[in-house]
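Source file upload_5.txt; content: compact mmCIF, C-alpha atoms.
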```txt
# COMPACT_ATOMS: atom_id res chain seq x y z
CA MET A 1 0.00 0.00 0.00
CA ASN A 2 1.60 3.20 -1.07
CA ALA A 3 1.16 6.69 0.36
CA ARG A 4 -1.54 7.62 -2.14
CA GLN A 5 -3.68 4.66 -1.16
CA VAL A 6 -3.23 5.47 2.50
CA LEU A 7 -4.30 9.07 1.88
CA LEU A 8 -7.24 7.95 -0.24
CA ARG A 9 -8.51 5.46 2.34
CA GLY A 10 -7.86 7.82 5.20
CA GLY A 11 -9.78 10.58 3.43
CA ALA A 12 -12.63 8.18 2.69
CA GLY A 13 -12.70 7.18 6.36
CA VAL A 14 -12.79 10.78 7.55
CA GLY A 15 -15.39 11.71 4.94
CA GLY A 16 -17.54 8.70 5.86
CA THR A 17 -17.34 9.59 9.55
CA VAL A 18 -18.37 13.18 8.83
CA LEU A 19 -21.29 11.99 6.70
CA LEU A 20 -22.38 9.54 9.41
CA ALA A 21 -22.21 12.25 12.09
CA GLY A 22 -24.21 14.57 9.81
CA ALA A 23 -26.84 11.90 9.26
CA MET A 24 -27.14 11.30 13.01
CA TRP A 25 -27.48 15.02 13.64
CA LEU A 26 -30.11 15.34 10.90
CA HIS A 27 -32.03 12.44 12.37
CA SER A 28 -32.11 14.10 15.76
CA VAL A 29 -33.44 17.42 14.42
CA ARG A 30 -37.08 18.04 15.41
CA PRO A 31 -39.32 21.02 14.77
CA GLU A 32 -38.84 23.22 17.80
CA ILE A 33 -41.61 25.38 19.16
CA ARG A 34 -41.18 27.26 22.39
CA ALA A 35 -43.95 26.63 24.87
CA ALA A 36 -45.07 30.24 25.12
CA GLU A 37 -45.53 30.52 21.36
CA LEU A 38 -48.61 28.27 21.55
CA ASP A 39 -50.18 29.96 24.57
CA PRO A 40 -53.82 31.03 24.21
CA ILE A 41 -54.28 34.24 22.23
CA ARG A 42 -55.35 36.91 24.71
CA THR A 43 -57.66 39.84 24.16
CA GLY A 44 -57.41 42.56 26.77
CA GLY A 45 -60.16 44.50 28.49
CA THR A 46 -61.38 45.97 31.75
CA ILE A 47 -64.20 45.31 34.19
CA GLY A 48 -67.63 46.27 32.80
CA GLU A 49 -66.35 46.22 29.23
CA GLN A 50 -67.41 43.63 26.67
CA VAL A 51 -64.30 41.75 25.59
CA ALA A 52 -64.71 39.94 22.27
CA THR A 53 -62.35 37.11 21.37
CA ARG A 54 -62.42 34.89 18.31
CA ASP A 55 -64.59 32.25 20.03
CA PHE A 56 -66.55 34.10 22.70
CA SER A 57 -67.41 37.45 24.23
CA VAL A 58 -67.28 38.05 27.97
CA ARG A 59 -68.09 40.89 30.32
CA VAL A 60 -67.16 41.04 34.01
CA ASP A 61 -70.12 42.50 35.88
CA GLY A 62 -68.62 42.71 39.34
CA VAL A 63 -66.16 41.45 41.94
CA VAL A 64 -66.95 40.62 45.55
CA ALA A 65 -64.66 39.47 48.35
CA ALA A 66 -65.80 37.10 51.09
CA ARG A 67 -64.24 35.81 54.30
CA SER A 68 -66.17 32.53 54.10
CA LEU A 69 -68.67 30.85 51.80
CA ALA A 70 -72.03 29.45 52.81
CA PRO A 71 -72.50 25.82 51.73
CA GLY A 72 -75.31 25.06 49.31
CA PHE A 73 -78.58 23.32 50.12
CA SER A 74 -78.16 20.78 52.91
CA LEU A 75 -80.38 19.17 55.52
CA GLY A 76 -78.08 19.96 58.42
CA ARG A 77 -76.59 23.36 59.15
CA LYS A 78 -73.12 22.95 57.77
CA PRO A 79 -70.37 25.32 58.86
CA PRO A 80 -69.20 27.94 56.36
CA VAL A 81 -66.19 27.21 54.19
CA GLY A 82 -63.50 29.51 55.54
CA THR A 83 -60.05 30.44 54.41
CA ASP A 84 -56.83 31.91 55.80
CA GLY A 85 -56.88 34.32 52.88
CA VAL A 86 -59.94 35.65 51.12
CA TYR A 87 -62.41 34.45 48.51
CA LEU A 88 -62.79 36.58 45.43
CA VAL A 89 -66.04 36.01 43.58
CA VAL A 90 -66.13 37.30 39.99
CA ARG A 91 -69.54 37.71 38.35
CA LEU A 92 -69.44 37.55 34.56
CA SER A 93 -71.66 37.09 31.53
CA ALA A 94 -70.55 35.47 28.31
CA THR A 95 -71.78 34.35 24.92
CA ALA A 96 -70.25 32.12 22.26
CA ALA A 97 -69.30 33.51 18.87
CA ARG A 98 -70.33 30.59 16.66
CA GLU A 99 -70.75 27.28 18.46
CA PRO A 100 -71.70 26.25 21.99
CA LEU A 101 -68.67 26.22 24.28
CA GLN A 102 -67.53 26.24 27.87
CA LEU A 103 -64.95 28.46 29.51
CA ARG A 104 -62.74 25.66 30.77
CA SER A 105 -59.87 27.74 32.06
CA ALA A 106 -60.22 30.60 34.53
CA ASP A 107 -57.24 32.00 36.38
CA LEU A 108 -56.54 35.01 38.51
CA GLU A 109 -53.12 36.43 37.73
CA THR A 110 -51.66 38.64 40.42
CA PRO A 111 -48.56 40.83 40.61
CA GLY A 112 -45.41 38.91 41.42
CA GLY A 113 -46.24 36.15 38.93
CA TYR A 114 -48.69 34.25 41.14
CA THR A 115 -51.61 32.51 39.44
CA PHE A 116 -54.69 31.14 41.17
CA HIS A 117 -57.09 28.67 39.54
CA ALA A 118 -60.83 29.10 39.89
CA ASP A 119 -62.75 26.65 42.04
CA PRO A 120 -63.13 26.60 45.77
CA ARG A 121 -61.98 23.69 47.81
CA THR A 122 -65.34 21.93 48.24
CA SER A 123 -68.08 21.12 45.75
CA ASP A 124 -70.68 22.49 48.19
CA VAL A 125 -69.87 26.03 47.17
CA SER A 126 -68.80 25.52 43.56
CA VAL A 127 -70.85 26.75 40.63
CA ASN A 128 -71.50 24.43 37.70
CA GLN A 129 -70.14 26.29 34.73
CA PRO A 130 -72.76 26.67 31.98
CA THR A 131 -72.46 26.06 28.27
CA PHE A 132 -72.44 29.40 26.46
CA GLN A 133 -74.38 29.59 23.20
CA PRO A 134 -74.25 32.13 20.37
CA MET A 135 -76.23 35.35 20.84
CA ILE A 136 -77.43 34.28 24.32
CA TRP A 137 -75.75 36.02 27.24
CA THR A 138 -75.44 33.68 30.21
CA SER A 139 -74.28 34.71 33.68
CA THR A 140 -72.06 32.73 35.98
CA LYS A 141 -69.65 33.18 38.87
CA LEU A 142 -66.04 32.21 39.37
CA VAL A 143 -64.69 31.71 42.88
CA PHE A 144 -60.99 32.16 43.69
CA GLU A 145 -59.19 31.63 46.96
CA LEU A 146 -56.07 33.73 47.41
CA PRO A 147 -53.99 35.51 50.06
CA LYS A 148 -55.28 38.95 51.05
CA ASP A 149 -52.12 40.69 49.89
CA ARG A 150 -52.60 39.34 46.37
CA VAL A 151 -55.98 40.96 45.69
CA GLU A 152 -54.51 44.29 44.63
CA GLY A 153 -53.77 44.33 40.90
CA ALA A 154 -55.36 40.95 40.18
CA ARG A 155 -56.40 40.23 36.58
CA LEU A 156 -58.86 37.61 35.35
CA VAL A 157 -57.86 35.37 32.45
CA VAL A 158 -60.67 33.17 31.10
CA GLY A 159 -60.54 31.02 28.01
CA THR A 160 -61.78 27.94 26.25
CA GLY A 161 -58.62 26.16 27.44
CA GLY A 162 -59.18 22.52 28.30
CA LEU A 163 -56.76 19.72 27.54
CA LEU A 164 -55.45 21.29 24.32
CA PRO A 165 -55.30 25.04 24.94
CA GLN A 166 -52.77 25.76 22.19
CA LEU A 167 -53.64 28.99 20.38
CA SER A 168 -57.16 28.97 21.83
CA SER A 169 -59.00 32.16 22.74
CA ALA A 170 -58.65 33.89 26.09
CA ALA A 171 -59.77 37.18 27.60
CA ASP A 172 -57.40 39.06 29.91
CA ILE A 173 -59.50 41.41 32.03
CA ASP A 174 -58.23 44.05 34.44
CA LEU A 175 -60.56 43.86 37.44
CA GLY A 176 -59.81 47.42 38.46
CA LEU A 177 -58.45 46.35 41.84
CA GLY A 178 -56.24 49.29 42.70
CA LYS A 179 -54.95 49.82 46.21
CA ASP A 180 -58.04 51.63 47.48
CA ARG A 181 -60.54 49.33 45.78
CA ALA A 182 -58.74 46.20 47.06
CA ALA A 183 -58.68 47.59 50.60
CA GLU A 184 -62.39 48.46 50.38
CA LEU A 185 -63.25 44.95 49.16
CA LEU A 186 -61.31 43.30 51.97
CA GLN A 187 -62.83 45.60 54.57
CA LYS A 188 -66.39 44.89 53.43
CA ALA A 189 -65.86 41.16 52.85
CA PRO A 190 -68.84 39.33 54.42
CA GLU A 191 -68.99 36.01 56.20
CA ARG A 192 -71.13 33.12 54.80
CA TYR A 193 -71.35 34.56 51.30
CA GLN A 194 -74.00 32.78 49.21
CA VAL A 195 -72.25 31.88 45.97
CA LYS A 196 -75.29 30.26 44.40
CA ALA A 197 -77.75 33.04 45.22
CA ASP A 198 -78.89 35.12 42.25
CA GLY A 199 -78.12 38.75 41.94
CA SER A 200 -75.46 38.80 44.63
CA MET B 1 2.07 -0.07 -12.21
CA THR B 2 -0.39 -2.85 -12.95
CA ALA B 3 -4.10 -2.93 -13.71
CA SER B 4 -4.80 -4.00 -10.08
CA ASP B 5 -3.21 -0.74 -8.91
CA THR B 6 -4.98 1.67 -11.27
CA ARG B 7 -8.33 -0.18 -11.55
CA PRO B 8 -9.59 1.93 -14.42
CA ASP B 9 -13.38 2.22 -14.65
CA GLY B 10 -15.08 -0.07 -17.10
CA ILE B 11 -12.30 -2.64 -17.33
CA PRO B 12 -13.03 -5.77 -15.29
CA LEU B 13 -10.01 -7.15 -13.51
CA PRO B 14 -8.85 -10.46 -14.76
CA GLY B 15 -9.80 -13.35 -12.54
CA ARG B 16 -12.27 -11.24 -10.38
CA PRO B 17 -15.87 -11.89 -11.45
CA GLY B 18 -18.70 -9.48 -10.52
CA ILE B 19 -20.20 -6.21 -11.66
CA ARG B 20 -17.97 -3.49 -12.96
CA PRO B 21 -17.05 -0.61 -10.58
CA ARG B 22 -19.12 1.94 -12.49
CA ASP B 23 -22.21 -0.28 -12.35
CA ARG B 24 -21.60 -0.90 -8.69
CA ARG B 25 -21.52 2.86 -8.00
CA ILE B 26 -24.77 3.34 -9.92
CA VAL B 27 -26.41 0.60 -7.85
CA GLN B 28 -25.04 2.20 -4.67
CA ALA B 29 -26.42 5.61 -5.71
CA ILE B 30 -29.85 4.13 -6.42
CA ALA B 31 -29.81 2.30 -3.08
CA LEU B 32 -28.84 5.52 -1.29
CA VAL B 33 -31.68 7.47 -2.92
CA CYS B 34 -34.16 4.71 -2.06
CA ALA B 35 -32.96 4.52 1.57
CA THR B 36 -33.15 8.32 1.98
CA ALA B 37 -36.65 8.44 0.51
CA ALA B 38 -37.77 5.59 2.76
CA MET B 39 -36.23 7.27 5.81
CA LEU B 40 -38.33 10.37 5.13
CA ALA B 41 -41.53 8.73 3.87
CA ILE B 42 -41.99 6.02 6.51
CA PRO B 43 -41.95 8.34 9.59
CA TRP B 44 -44.11 10.83 7.65
CA ALA B 45 -46.74 8.16 6.90
CA ASP B 46 -46.55 6.88 10.47
CA GLU B 47 -47.03 10.34 12.00
CA THR B 48 -49.84 11.16 9.56
CA GLY B 49 -51.73 8.04 10.61
CA THR B 50 -51.26 8.87 14.30
CA VAL B 51 -52.39 12.49 13.92
CA ARG B 52 -55.41 11.56 11.81
CA LYS B 53 -56.80 9.45 14.65
CA PHE B 54 -57.14 12.55 16.82
CA LEU B 55 -58.55 14.89 14.18
CA LYS B 56 -62.23 15.55 13.76
CA PRO B 57 -63.41 13.13 11.07
CA PRO B 58 -64.76 14.55 7.81
CA GLU B 59 -68.52 14.96 7.73
CA LYS B 60 -70.89 14.01 4.95
CA VAL B 61 -74.08 16.04 5.15
CA THR B 62 -77.22 14.86 3.38
CA THR B 63 -79.75 17.65 2.86
CA VAL B 64 -83.49 17.14 2.54
CA PRO B 65 -86.20 19.80 2.68
CA GLU B 66 -87.97 20.05 6.05
CA GLY B 67 -91.08 17.93 5.83
CA GLN B 68 -89.44 15.37 3.56
CA ILE B 69 -88.03 11.99 4.60
CA GLY B 70 -84.26 11.63 5.03
CA GLU B 71 -82.07 8.62 5.74
CA LEU B 72 -79.49 8.52 8.54
CA ALA B 73 -77.87 5.64 10.44
CA GLY B 74 -80.21 3.14 8.80
CA ALA B 75 -83.36 4.97 9.88
CA GLN B 76 -85.88 7.23 8.16
CA TRP B 77 -86.32 10.70 9.65
CA LYS B 78 -88.95 13.37 9.10
CA VAL B 79 -89.66 16.73 10.78
CA PHE B 80 -93.46 17.01 10.95
CA ASP B 81 -94.07 19.83 13.43
CA ARG B 82 -92.35 22.97 14.65
CA LYS B 83 -93.27 25.12 17.65
CA VAL B 84 -91.81 28.04 19.51
CA ALA B 85 -92.43 28.25 23.26
CA GLU B 86 -91.21 30.28 26.21
CA PRO B 87 -88.24 28.55 27.85
CA LEU B 88 -88.75 26.77 31.17
CA GLY B 89 -87.49 28.89 34.04
CA GLY B 90 -87.02 31.87 31.78
CA LYS B 91 -87.17 34.86 34.06
CA GLY B 92 -88.25 37.63 31.81
CA GLN B 93 -85.66 36.76 29.18
CA GLY B 94 -87.79 37.86 26.27
CA ASP B 95 -85.02 37.53 23.73
CA ILE B 96 -84.72 33.75 23.95
CA VAL B 97 -87.25 31.03 23.21
CA GLU B 98 -87.41 27.25 23.20
CA LEU B 99 -87.68 25.77 19.72
CA ARG B 100 -89.41 22.37 19.68
CA LEU B 101 -89.30 20.18 16.60
CA ALA B 102 -91.35 17.01 16.41
CA VAL B 103 -89.40 14.37 14.51
CA ALA B 104 -90.70 10.97 13.38
CA VAL B 105 -88.11 8.25 13.02
CA ARG B 106 -88.40 4.65 11.90
CA PRO B 107 -85.33 2.39 12.30
CA SER B 108 -85.06 -0.22 9.56
CA ASP B 109 -83.30 -2.88 11.64
CA ALA B 110 -81.94 -3.64 15.09
CA ALA B 111 -78.63 -1.84 14.46
CA ALA B 112 -80.49 1.30 13.38
CA ALA B 113 -82.74 1.06 16.46
CA LYS B 114 -79.62 0.91 18.64
CA ALA B 115 -78.16 3.93 16.84
CA VAL B 116 -81.39 5.94 17.27
CA GLY B 117 -81.38 5.18 21.00
CA SER B 118 -77.68 5.97 21.36
CA TYR B 119 -76.39 8.88 23.43
CA GLY B 120 -73.93 9.62 20.63
CA LEU B 121 -76.69 10.98 18.40
CA GLN B 122 -76.25 14.77 18.25
CA TYR B 123 -78.88 17.39 17.48
CA ARG B 124 -77.90 20.92 16.52
CA LEU B 125 -79.76 23.95 15.22
CA HIS B 126 -77.94 26.01 12.60
CA ASP B 127 -78.54 29.35 10.95
CA ASP B 128 -77.19 30.64 7.64
CA ASP B 129 -74.48 32.73 9.33
CA GLY B 130 -72.55 29.80 10.74
CA HIS B 131 -73.98 29.85 14.27
CA ALA B 132 -74.96 26.62 15.99
CA TRP B 133 -77.03 25.88 19.10
CA PHE B 134 -77.24 22.70 21.16
CA ALA B 135 -80.48 20.77 21.11
CA SER B 136 -81.56 17.65 22.92
CA GLY B 137 -83.84 14.84 21.77
CA VAL B 138 -86.53 13.49 24.07
CA ARG B 139 -88.34 10.25 23.25
CA THR B 140 -91.02 8.43 25.19
CA THR B 141 -90.43 4.87 23.97
CA GLU B 142 -87.47 2.67 23.16
CA PRO B 143 -86.69 2.47 19.43
CA LYS B 144 -87.64 -0.81 17.75
CA ALA B 145 -86.89 -2.06 14.27
CA GLY B 146 -89.68 -1.22 11.82
CA VAL B 147 -91.69 0.80 14.38
CA ALA B 148 -92.01 4.58 14.02
CA LEU B 149 -91.51 6.71 17.13
CA ARG B 150 -91.61 10.40 17.95
CA ILE B 151 -88.63 12.38 19.16
CA THR B 152 -89.06 15.94 20.38
CA VAL B 153 -85.95 17.98 19.71
CA LYS B 154 -85.66 21.03 21.99
CA GLY B 155 -83.18 23.86 21.91
CA THR B 156 -82.93 27.29 23.56
CA VAL B 157 -82.29 29.83 20.81
CA PRO B 158 -82.56 33.58 20.18
CA ARG B 159 -86.13 34.62 19.40
CA ALA B 160 -85.04 36.46 16.25
CA LYS B 161 -83.54 33.28 14.82
CA ALA B 162 -86.16 30.73 15.83
CA ASP B 163 -88.08 30.68 12.55
CA ALA B 164 -85.05 30.33 10.32
CA LEU B 165 -83.07 27.63 12.12
CA GLU B 166 -82.40 24.29 10.49
CA LEU B 167 -82.10 21.00 12.32
CA ARG B 168 -78.97 18.90 11.83
CA ILE B 169 -78.70 15.37 13.20
CA GLN B 170 -75.28 13.77 13.42
CA ALA B 171 -75.01 9.99 13.50
CA PRO B 172 -73.27 8.40 16.50
CA LYS B 173 -69.52 8.10 15.98
CA GLU B 174 -69.75 4.36 16.71
CA THR B 175 -71.69 3.82 13.47
CA ARG B 176 -68.86 5.26 11.35
CA LYS B 177 -66.46 2.87 9.61
CA PRO B 178 -62.78 3.90 9.89
CA GLU B 179 -62.44 5.13 6.30
CA ASP B 180 -65.91 6.67 5.96
CA PRO B 181 -66.95 10.27 6.80
CA LEU B 182 -69.33 10.91 9.68
CA ALA B 183 -72.89 11.07 8.38
CA SER B 184 -75.24 13.98 9.12
CA LEU B 185 -78.77 14.77 8.04
CA ARG B 186 -79.80 18.39 7.48
CA PHE B 187 -83.38 19.53 7.15
CA ALA B 188 -83.26 22.65 4.97
CA ARG B 189 -85.85 25.40 5.26
```
Any chance you could give the structure as structure tokens?
Amino acid sequence: MNARQVLLRGGAGVGGTVLLAGAMWLHSVRPEIRAAELDPIRTGGTIGEQVATRDFSVRVDGVVAARSLAPGFSLGRKPPVGTDGVYLVVRLSATAAREPLQLRSADLETPGGYTFHADPRTSDVSVNQPTFQPMIWTSTKLVFELPKDRVEGARLVVGTGGLLPQLSSAADIDLGLGKDRAAELLQKAPERYQVKADGS
Amino acid sequence: MTASDTRPDGIPLPGRPGIRPRDRRIVQAIALVCATAAMLAIPWADETGTVRKFLKPPEKVTTVPEGQIGELAGAQWKVFDRKVAEPLGGKGQGDIVELRLAVAVRPSDAAAAKAVGSYGLQYRLHDDDGHAWFASGVRTTEPKAGVALRITVKGTVPRAKADALELRIQAPKETRKPEDPLASLRFAR
């Protein structure tokens, strides 16, 4: 084997190794999408304003704070459902844009990056979320439990969410809870608040 | 220098049977192209099949005028009455009404009777602008093969739309064969 053959075979070996490494790299390449890029598409708004997204329209009618929640209908007198923090009850009305739907995700986002899911800790005081239909405004309530110092600046984010929330519709609503309003809510927060009572 | 050293293309070496080097390279190139194509096509086909299982199946809508007989899931369907009523529990909501459609259905066989009694049967009310409203079907008797029964389809809809809405019935997903579209029956007004 002369020097030329050695060079030729060595070059072929190096070239083959490079091609093999390239093929392995190519095989490992996957379409990369950053998680936040597929987050629900938010439409902003404020309390009392009708916020229209692609799939639904929603309007927050009011916010109430409560120190404890009265359980629903029961034969015995059950104790109220209390909390170390405070319950924030958001009254809203919504309608679907085209097809019947449910608002499966409802979060309260507060300053500092804290997020609180809707739903109190017991089913006694939870509200069955309705199905919203086109051109029919339906009212409901969302109950959040959060620390008292997180009420100020809280924003409501509701959306169609569910198991596959990628690029779904969401409304991001400023609840108007400035320092004074938050303090007023906490000061007037009642005991045994009736979540299921109408008009409250 | 001998022929075994230079190995010029196209000249077979004496005493070494087999294909010529140029032919061998052509075969190698073809094999490489085939392997590359297979490497791309097989995962593509595999992923496509997996994704398709989770997609909403295509829908085949059969349209008949309201009042005429349509076929769906092996049964004959006909809308023979239409009423608008105030919704139950409606507290002064004057802008919504309950639309009630009386539907006659006759399953042709036992499988059709099972489909008519299935929870997977979906009723929807549609308008011309792309809106849809849920509706529910209420029947008083169990479906039997060859026996007609009445189903009352009820839906809460805006009063302004009640007269123009069309009923669409979607067959239960269980009745669909894997390659077939999902059947629906639309009663046009």
Practice prompt. Tell me which of B:Gly70, B:Pro172, B:Gly94, B:Gly120 sits closest to chain A, counting only C-alpha atoms.
Written response: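 With only C-alpha atoms as the atom set, the closest residue is B:Gly94.
Atom pair atom CA of Val58 of chain A / atom CA of Ala189 of chain A has a distance of 25.1 Å (rounded to one decimal).
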Worksheet item: Any idea which chain B residues end up within 12 Å of chain A if we count all atoms listed in the file, as a PyMOL selection string please?
Response: chain B and resi 1+4-6+36+39-40+43+54+90-91+93-97+124-135+155-161
Please write the residues from the selection above to a file, keeping C-alpha atoms, as a tab-separated table (two decimals), keeping the file's coordinate frame.
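New file result_22.tsv:
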```tsv
chain	number	residue	atom	x	y	z
B	1	MET	CA	2.07	-0.07	-12.21
B	4	SER	CA	-4.80	-4.00	-10.08
B	5	ASP	CA	-3.21	-0.74	-8.91
B	6	THR	CA	-4.98	1.67	-11.27
B	36	THR	CA	-33.15	8.32	1.98
B	39	MET	CA	-36.23	7.27	5.81
B	40	LEU	CA	-38.33	10.37	5.13
B	43	PRO	CA	-41.95	8.34	9.59
B	54	PHE	CA	-57.14	12.55	16.82
B	90	GLY	CA	-87.02	31.87	31.78
B	91	LYS	CA	-87.17	34.86	34.06
B	93	GLN	CA	-85.66	36.76	29.18
B	94	GLY	CA	-87.79	37.86	26.27
B	95	ASP	CA	-85.02	37.53	23.73
B	96	ILE	CA	-84.72	33.75	23.95
B	97	VAL	CA	-87.25	31.03	23.21
B	124	ARG	CA	-77.90	20.92	16.52
B	125	LEU	CA	-79.76	23.95	15.22
B	126	HIS	CA	-77.94	26.01	12.60
B	127	ASP	CA	-78.54	29.35	10.95
B	128	ASP	CA	-77.19	30.64	7.64
B	129	ASP	CA	-74.48	32.73	9.33
B	130	GLY	CA	-72.55	29.80	10.74
B	131	HIS	CA	-73.98	29.85	14.27
B	132	ALA	CA	-74.96	26.62	15.99
B	133	TRP	CA	-77.03	25.88	19.10
B	134	PHE	CA	-77.24	22.70	21.16
B	135	ALA	CA	-80.48	20.77	21.11
B	155	GLY	CA	-83.18	23.86	21.91
B	156	THR	CA	-82.93	27.29	23.56
B	157	VAL	CA	-82.29	29.83	20.81
B	158	PRO	CA	-82.56	33.58	20.18
B	159	ARG	CA	-86.13	34.62	19.40
B	160	ALA	CA	-85.04	36.46	16.25
B	161	LYS	CA	-83.54	33.28	14.82
```
Practice prompt. Would you mind listing what lies within 12 Å of segment 106-118 of chain B as a ChimeraX atom specification, with only C-alpha atoms counted and same-chain residues fewer than 4 positions away left out?
Written response: /B:69-78,122-123,137-151,169-176
Practice prompt. Could you please determine the separation between atom CA of Ala106 of chain A and atom CA of Leu156 of chain A in Å, to one decimal place?
Written response: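 One can read the atom CA of Ala106 of chain A to atom CA of Leu156 of chain A distance as 7.2 Å.
When the distance limit is 7 Å and all atoms listed in the file are what count, the residues near Pro80 of chain A, minus those fewer than 4 positions from it on the same chain, are Ser68, Leu69, Ala70, Pro71 and Arg192 of chain A.
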Would you export the selected residues with C-alpha atoms as a CSV table (one decimal), in the coordinates of the input, please?
```csv
chain,number,residue,atom,x,y,z
A,68,SER,CA,-66.2,32.5,54.1
A,69,LEU,CA,-68.7,30.8,51.8
A,70,ALA,CA,-72.0,29.4,52.8
A,71,PRO,CA,-72.5,25.8,51.7
A,192,ARG,CA,-71.1,33.1,54.8
```
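Here atom CA of Val86 of chain A and atom CA of Val151 of chain A stand 8.6 Å from one another.
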Practice prompt. Select, from A:Val90, A:Val195, A:Val29, A:Leu20, the residue with the minimum atom-to-atom distance to Leu108 of chain A, counting all atoms listed in the file.
Written response: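 Residue with the minimum atom-to-atom distance to Leu108 of chain A: A:Val90.
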Taking every listed atom of segment 182-185 of chain A and adding 8 Å to each side, what centre and edge lengths in Å (one decimal) does the axis-aligned box have, as lines of an AutoDock Vina configuration file?
```
center_x = -61.0
center_y = 46.7
center_z = 48.8
size_x = 20.6
size_y = 19.5
size_z = 19.5
```
Mind checking which residues fall within 12 Å of Asp119 of chain A, counting all atoms listed in the file, ignoring those fewer than 2 positions away in the same chain, and posting them as a CSV table (one decimal) with C-alpha atoms, in the coordinates of the input?
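See out.csv below for the written result:
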```
chain,number,residue,atom,x,y,z
A,87,TYR,CA,-62.4,34.4,48.5
A,88,LEU,CA,-62.8,36.6,45.4
A,89,VAL,CA,-66.0,36.0,43.6
A,90,VAL,CA,-66.1,37.3,40.0
A,104,ARG,CA,-62.7,25.7,30.8
A,105,SER,CA,-59.9,27.7,32.1
A,106,ALA,CA,-60.2,30.6,34.5
A,107,ASP,CA,-57.2,32.0,36.4
A,108,LEU,CA,-56.5,35.0,38.5
A,116,PHE,CA,-54.7,31.1,41.2
A,117,HIS,CA,-57.1,28.7,39.5
A,121,ARG,CA,-62.0,23.7,47.8
A,122,THR,CA,-65.3,21.9,48.2
A,123,SER,CA,-68.1,21.1,45.8
A,124,ASP,CA,-70.7,22.5,48.2
A,125,VAL,CA,-69.9,26.0,47.2
A,126,SER,CA,-68.8,25.5,43.6
A,127,VAL,CA,-70.8,26.8,40.6
A,128,ASN,CA,-71.5,24.4,37.7
A,129,GLN,CA,-70.1,26.3,34.7
A,141,LYS,CA,-69.6,33.2,38.9
A,142,LEU,CA,-66.0,32.2,39.4
A,143,VAL,CA,-64.7,31.7,42.9
A,144,PHE,CA,-61.0,32.2,43.7
A,145,GLU,CA,-59.2,31.6,47.0
A,146,LEU,CA,-56.1,33.7,47.4
A,195,VAL,CA,-72.2,31.9,46.0
```
Practice prompt. Counting only C-alpha atoms, figure out which residue out of B:Glu86, B:Glu98, B:Glu166, B:Asp180 gets nearest to Val64 of chain B.
Written response: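 When distances to Val64 of chain B are compared using only C-alpha atoms, the smallest one comes from B:Glu166.
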Worksheet item: Which of these, B:Lys154, B:Lys56, B:Arg186, B:Lys177, has the shortest distance to Leu101 of chain B once you count only C-alpha atoms?
Response: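 For Leu101 of chain B, the nearest of the candidates is B:Lys154.
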Could I get segment 39-65 of chain A from the block written as a PDB file, in the first residue's frame, with C-alpha atoms?
```pdb
ATOM      1  CA  ASP A  39     -50.183  29.955  24.573  1.00  0.00           C
ATOM      2  CA  PRO A  40     -53.822  31.027  24.208  1.00  0.00           C
ATOM      3  CA  ILE A  41     -54.279  34.238  22.234  1.00  0.00           C
ATOM      4  CA  ARG A  42     -55.348  36.910  24.712  1.00  0.00           C
ATOM      5  CA  THR A  43     -57.663  39.837  24.161  1.00  0.00           C
ATOM      6  CA  GLY A  44     -57.406  42.563  26.774  1.00  0.00           C
ATOM      7  CA  GLY A  45     -60.165  44.500  28.486  1.00  0.00           C
ATOM      8  CA  THR A  46     -61.380  45.966  31.746  1.00  0.00           C
ATOM      9  CA  ILE A  47     -64.201  45.311  34.193  1.00  0.00           C
ATOM     10  CA  GLY A  48     -67.626  46.269  32.804  1.00  0.00           C
ATOM     11  CA  GLU A  49     -66.350  46.219  29.234  1.00  0.00           C
ATOM     12  CA  GLN A  50     -67.415  43.628  26.668  1.00  0.00           C
ATOM     13  CA  VAL A  51     -64.304  41.749  25.593  1.00  0.00           C
ATOM     14  CA  ALA A  52     -64.711  39.944  22.272  1.00  0.00           C
ATOM     15  CA  THR A  53     -62.346  37.111  21.366  1.00  0.00           C
ATOM     16  CA  ARG A  54     -62.420  34.886  18.307  1.00  0.00           C
ATOM     17  CA  ASP A  55     -64.585  32.245  20.033  1.00  0.00           C
ATOM     18  CA  PHE A  56     -66.546  34.096  22.700  1.00  0.00           C
ATOM     19  CA  SER A  57     -67.411  37.453  24.234  1.00  0.00           C
ATOM     20  CA  VAL A  58     -67.275  38.050  27.968  1.00  0.00           C
ATOM     21  CA  ARG A  59     -68.093  40.895  30.322  1.00  0.00           C
ATOM     22  CA  VAL A  60     -67.159  41.041  34.008  1.00  0.00           C
ATOM     23  CA  ASP A  61     -70.116  42.505  35.879  1.00  0.00           C
ATOM     24  CA  GLY A  62     -68.622  42.709  39.343  1.00  0.00           C
ATOM     25  CA  VAL A  63     -66.164  41.452  41.936  1.00  0.00           C
ATOM     26  CA  VAL A  64     -66.955  40.615  45.546  1.00  0.00           C
ATOM     27  CA  ALA A  65     -64.660  39.474  48.347  1.00  0.00           C
TER      28      ALA A  65
END
```
